[in-house]
Amino acid sequence: MAEQFASSPLLGEGVVRRVLARATADLAAVSDSPRLDAELLMAHALGITRERLLLGRLDDPVPPAFAALLARRLQHEPIAYITGTRAFWTIELAVGPGALIPRPDSETLIEAAVEHFARRPPATILDLGTGPGTLLLAALDQWPNATGLGVDRSGAALAMARANATRLGSADRARFAEGDWATGIAGPFDLVLANPPYIGTVEALPAEVREYEPAAALYAGTDGLDAYRAIVPDLPRLIAPGGVAILEIGHAQAEAVGALVGGLGRTWQLRRDLAGRPRAIVT
């Protein structure tokens, strides 16, 4: 389908809006948000924001780069990997293959943290499984006097996290370390955040996730709970007095993860995302 765009007489003419309509129709086969995807790809090809595209560039010539970008998306490659960026909370992160793409659902963890620290800001933050720095850098942007540590097993993800910290002006407050969850990490921290892998190895995933995002950041044993079994026992020593740990979970894992936390004698609360699905355990 992308080949027809490459040879189409519409390219090079003032028909961005018409090509967007055609691309939207093609993308409907691979995306739940085909119009948004088409607009993001076109904006990227033009080197502008989506907002600027919609507000005044719909009659521009179609940039030659658009056809190749569309072809990649039609092969299920995630938009974030194609454009190299993903907005999260109040920041924009550079992302790429080798790191989990930030999801809006994960903002639930930051929202819960903001609520917990309404009266006093956290001074120290730990992000387990930081990926491209997603939760840590969002938290540091929220609390400009805090410092934090991001831990991940992936050297590729940590390289992205360090680059993001530098670009966002947080490099002097963010440290990153390669490691196995909290092993060897000395606490305590006011705020402990974690978005670990929680997909069971027998669960089906969309092609754009299964074929492109790193398996180590997705799968956690047959029941999806292996990472929690590693993280939860360390929570008592990691959380400072008055602090909190917030763990992202799969929508069907609240009771199982809650039981792991409760087994340590800790109370916990469930946070739901904007769609009303269970999304985080707060303890």
# chains A, B, ... in the order shown; residues from 1 in each chain; ligands from 1
>>> residues_around(residues="stretch 256-266 of chain A", least_positions_apart="2", cutoff="12 Å", atoms="only C-alpha atoms", output="PyMOL selection string")
chain A and resi 198+223-237+239+244-254+268-271+278-283
>>> select_by_dssp(residues="stretch 98-269 of chain A", states="strand (DSSP E)", output="ChimeraX atom specification")
/A:124-128,147-152,174-178,189-194,239-248,269
>>> residues_around(residues="stretch 34-46 of chain A", least_positions_apart="4", cutoff="12 Å", atoms="only C-alpha atoms", output="PyMOL selection string")
chain A and resi 15-30+50-58+60-74+76-86
>>> atom_distance(atom1="atom CA of A:Gly98", atom2="atom CA of A:Arg153")
11.0 Å
>>> closest_residue(among="A:Asp141, A:Glu111, A:Asp273, A:Asp190", to="A:Thr90", atoms="only C-alpha atoms")
A:Asp141
>>> atom_distance(atom1="atom CA of A:Arg103", atom2="atom CA of A:Ala174")
21.2 Å
>>> select_by_dssp(residues="stretch 38-108 of chain A", states="alpha helix (DSSP H)", output="PyMOL selection string")
chain A and resi 38-46+50-56+66-74+79-83+107-108
>>> closest_residue(among="A:Ala177, A:Ala207, A:Leu149, A:Leu136", to="A:Ala113", atoms="only C-alpha atoms")
A:Leu136
>>> residues_around(residues="A:Leu100", least_positions_apart="2", cutoff="10 Å", atoms="only C-alpha atoms", output="MDAnalysis selection string")
chainID A and resid 95:98 102:103 129:132 134 157 195 197 209 212:218
>>> residues_around(residues="A:Gly133", least_positions_apart="3", cutoff="10 Å", atoms="only C-alpha atoms", output="short mmCIF file (atom, residue, chain, number, x, y, z; two decimals) with N, CA, C and O atoms, in the first residue's frame")
data_model
loop_
_atom_site.label_atom_id
_atom_site.label_comp_id
_atom_site.auth_asym_id
_atom_site.auth_seq_id
_atom_site.Cartn_x
_atom_site.Cartn_y
_atom_site.Cartn_z
N LEU A 93 10.07 12.15 25.84
CA LEU A 93 11.21 11.25 25.91
C LEU A 93 11.62 10.78 24.53
O LEU A 93 10.78 10.48 23.69
N ALA A 94 12.92 10.68 24.31
CA ALA A 94 13.43 10.00 23.13
C ALA A 94 13.38 8.50 23.40
O ALA A 94 13.81 8.04 24.46
N VAL A 95 12.83 7.75 22.47
CA VAL A 95 12.70 6.31 22.64
C VAL A 95 13.12 5.61 21.36
O VAL A 95 13.16 6.20 20.28
N ALA A 99 14.05 -0.39 24.34
CA ALA A 99 13.42 0.16 25.55
C ALA A 99 11.91 0.13 25.40
O ALA A 99 11.38 0.33 24.31
N PRO A 102 6.89 4.27 26.63
CA PRO A 102 6.02 4.77 27.70
C PRO A 102 4.56 4.77 27.28
O PRO A 102 4.22 5.11 26.15
N ASP A 127 13.58 4.37 40.74
CA ASP A 127 12.76 3.86 39.65
C ASP A 127 13.34 2.53 39.21
O ASP A 127 14.42 2.47 38.62
N LEU A 128 12.63 1.45 39.51
CA LEU A 128 13.09 0.11 39.17
C LEU A 128 12.52 -0.31 37.82
O LEU A 128 11.31 -0.33 37.64
N GLY A 129 13.41 -0.64 36.88
CA GLY A 129 12.98 -0.91 35.52
C GLY A 129 12.71 0.38 34.78
O GLY A 129 11.66 0.56 34.16
N THR A 130 13.66 1.28 34.83
CA THR A 130 13.43 2.66 34.37
C THR A 130 13.26 2.79 32.86
O THR A 130 12.68 3.76 32.38
N LEU A 136 11.19 7.99 36.39
CA LEU A 136 12.13 8.81 37.15
C LEU A 136 12.18 10.24 36.62
O LEU A 136 12.08 11.21 37.40
N LEU A 137 12.32 10.40 35.32
CA LEU A 137 12.46 11.75 34.77
C LEU A 137 11.16 12.54 34.86
O LEU A 137 11.18 13.76 35.04
N ALA A 138 10.02 11.85 34.77
CA ALA A 138 8.75 12.53 34.99
C ALA A 138 8.64 13.01 36.43
O ALA A 138 8.17 14.14 36.69
N ALA A 139 9.07 12.18 37.37
CA ALA A 139 9.02 12.56 38.78
C ALA A 139 9.99 13.71 39.09
O ALA A 139 9.66 14.63 39.85
N LEU A 149 17.46 7.73 41.34
CA LEU A 149 18.24 6.65 40.76
C LEU A 149 17.31 5.78 39.90
O LEU A 149 16.25 5.35 40.37
N GLY A 150 17.71 5.52 38.68
CA GLY A 150 16.98 4.62 37.80
C GLY A 150 17.80 3.36 37.55
O GLY A 150 18.99 3.44 37.25
N VAL A 151 17.17 2.21 37.70
CA VAL A 151 17.84 0.92 37.55
C VAL A 151 17.20 0.14 36.43
O VAL A 151 15.97 0.10 36.31
N ASP A 152 18.02 -0.50 35.60
CA ASP A 152 17.50 -1.34 34.54
C ASP A 152 18.55 -2.39 34.17
O ASP A 152 19.75 -2.16 34.37
N ALA A 157 18.64 0.55 27.10
CA ALA A 157 17.63 1.41 27.71
C ALA A 157 18.29 2.48 28.58
O ALA A 157 17.87 3.64 28.58
N LEU A 158 19.32 2.10 29.32
CA LEU A 158 20.00 3.06 30.19
C LEU A 158 20.69 4.15 29.39
O LEU A 158 20.74 5.31 29.82
N ALA A 159 21.22 3.80 28.23
CA ALA A 159 21.83 4.83 27.37
C ALA A 159 20.78 5.86 26.95
O ALA A 159 21.05 7.07 26.93
N MET A 160 19.57 5.40 26.61
CA MET A 160 18.49 6.32 26.28
C MET A 160 18.11 7.16 27.49
O MET A 160 17.84 8.36 27.37
N ALA A 161 18.06 6.53 28.67
CA ALA A 161 17.68 7.25 29.88
C ALA A 161 18.67 8.37 30.18
O ALA A 161 18.28 9.49 30.52
N ARG A 162 19.95 8.08 30.07
CA ARG A 162 20.97 9.11 30.34
C ARG A 162 20.87 10.25 29.33
O ARG A 162 20.98 11.43 29.70
N ALA A 163 20.65 9.90 28.06
CA ALA A 163 20.51 10.95 27.04
C ALA A 163 19.27 11.79 27.30
O ALA A 163 19.28 13.02 27.14
N ASN A 164 18.18 11.14 27.72
CA ASN A 164 16.97 11.89 28.03
C ASN A 164 17.18 12.82 29.22
O ASN A 164 16.70 13.96 29.23
N ALA A 165 17.88 12.33 30.24
CA ALA A 165 18.15 13.17 31.41
C ALA A 165 18.94 14.41 31.02
O ALA A 165 18.65 15.52 31.48
N ALA A 174 19.85 12.99 38.31
CA ALA A 174 19.47 11.61 38.00
C ALA A 174 20.72 10.75 37.82
O ALA A 174 21.65 11.12 37.08
N PHE A 176 21.87 6.62 36.94
CA PHE A 176 21.35 5.39 36.36
C PHE A 176 22.35 4.27 36.56
O PHE A 176 23.56 4.49 36.47
#
>>> closest_residue(among="A:Gly155, A:Pro206, A:Gly276, A:Gly242", to="A:Asp32", atoms="only C-alpha atoms")
A:Pro206
>>> atom_distance(atom1="atom CA of A:Ser31", atom2="atom CA of A:Asp105")
18.0 Å
>>> closest_residue(among="A:Arg210, A:Arg167, A:Arg272, A:Arg173", to="A:Leu109", atoms="only C-alpha atoms")
A:Arg272
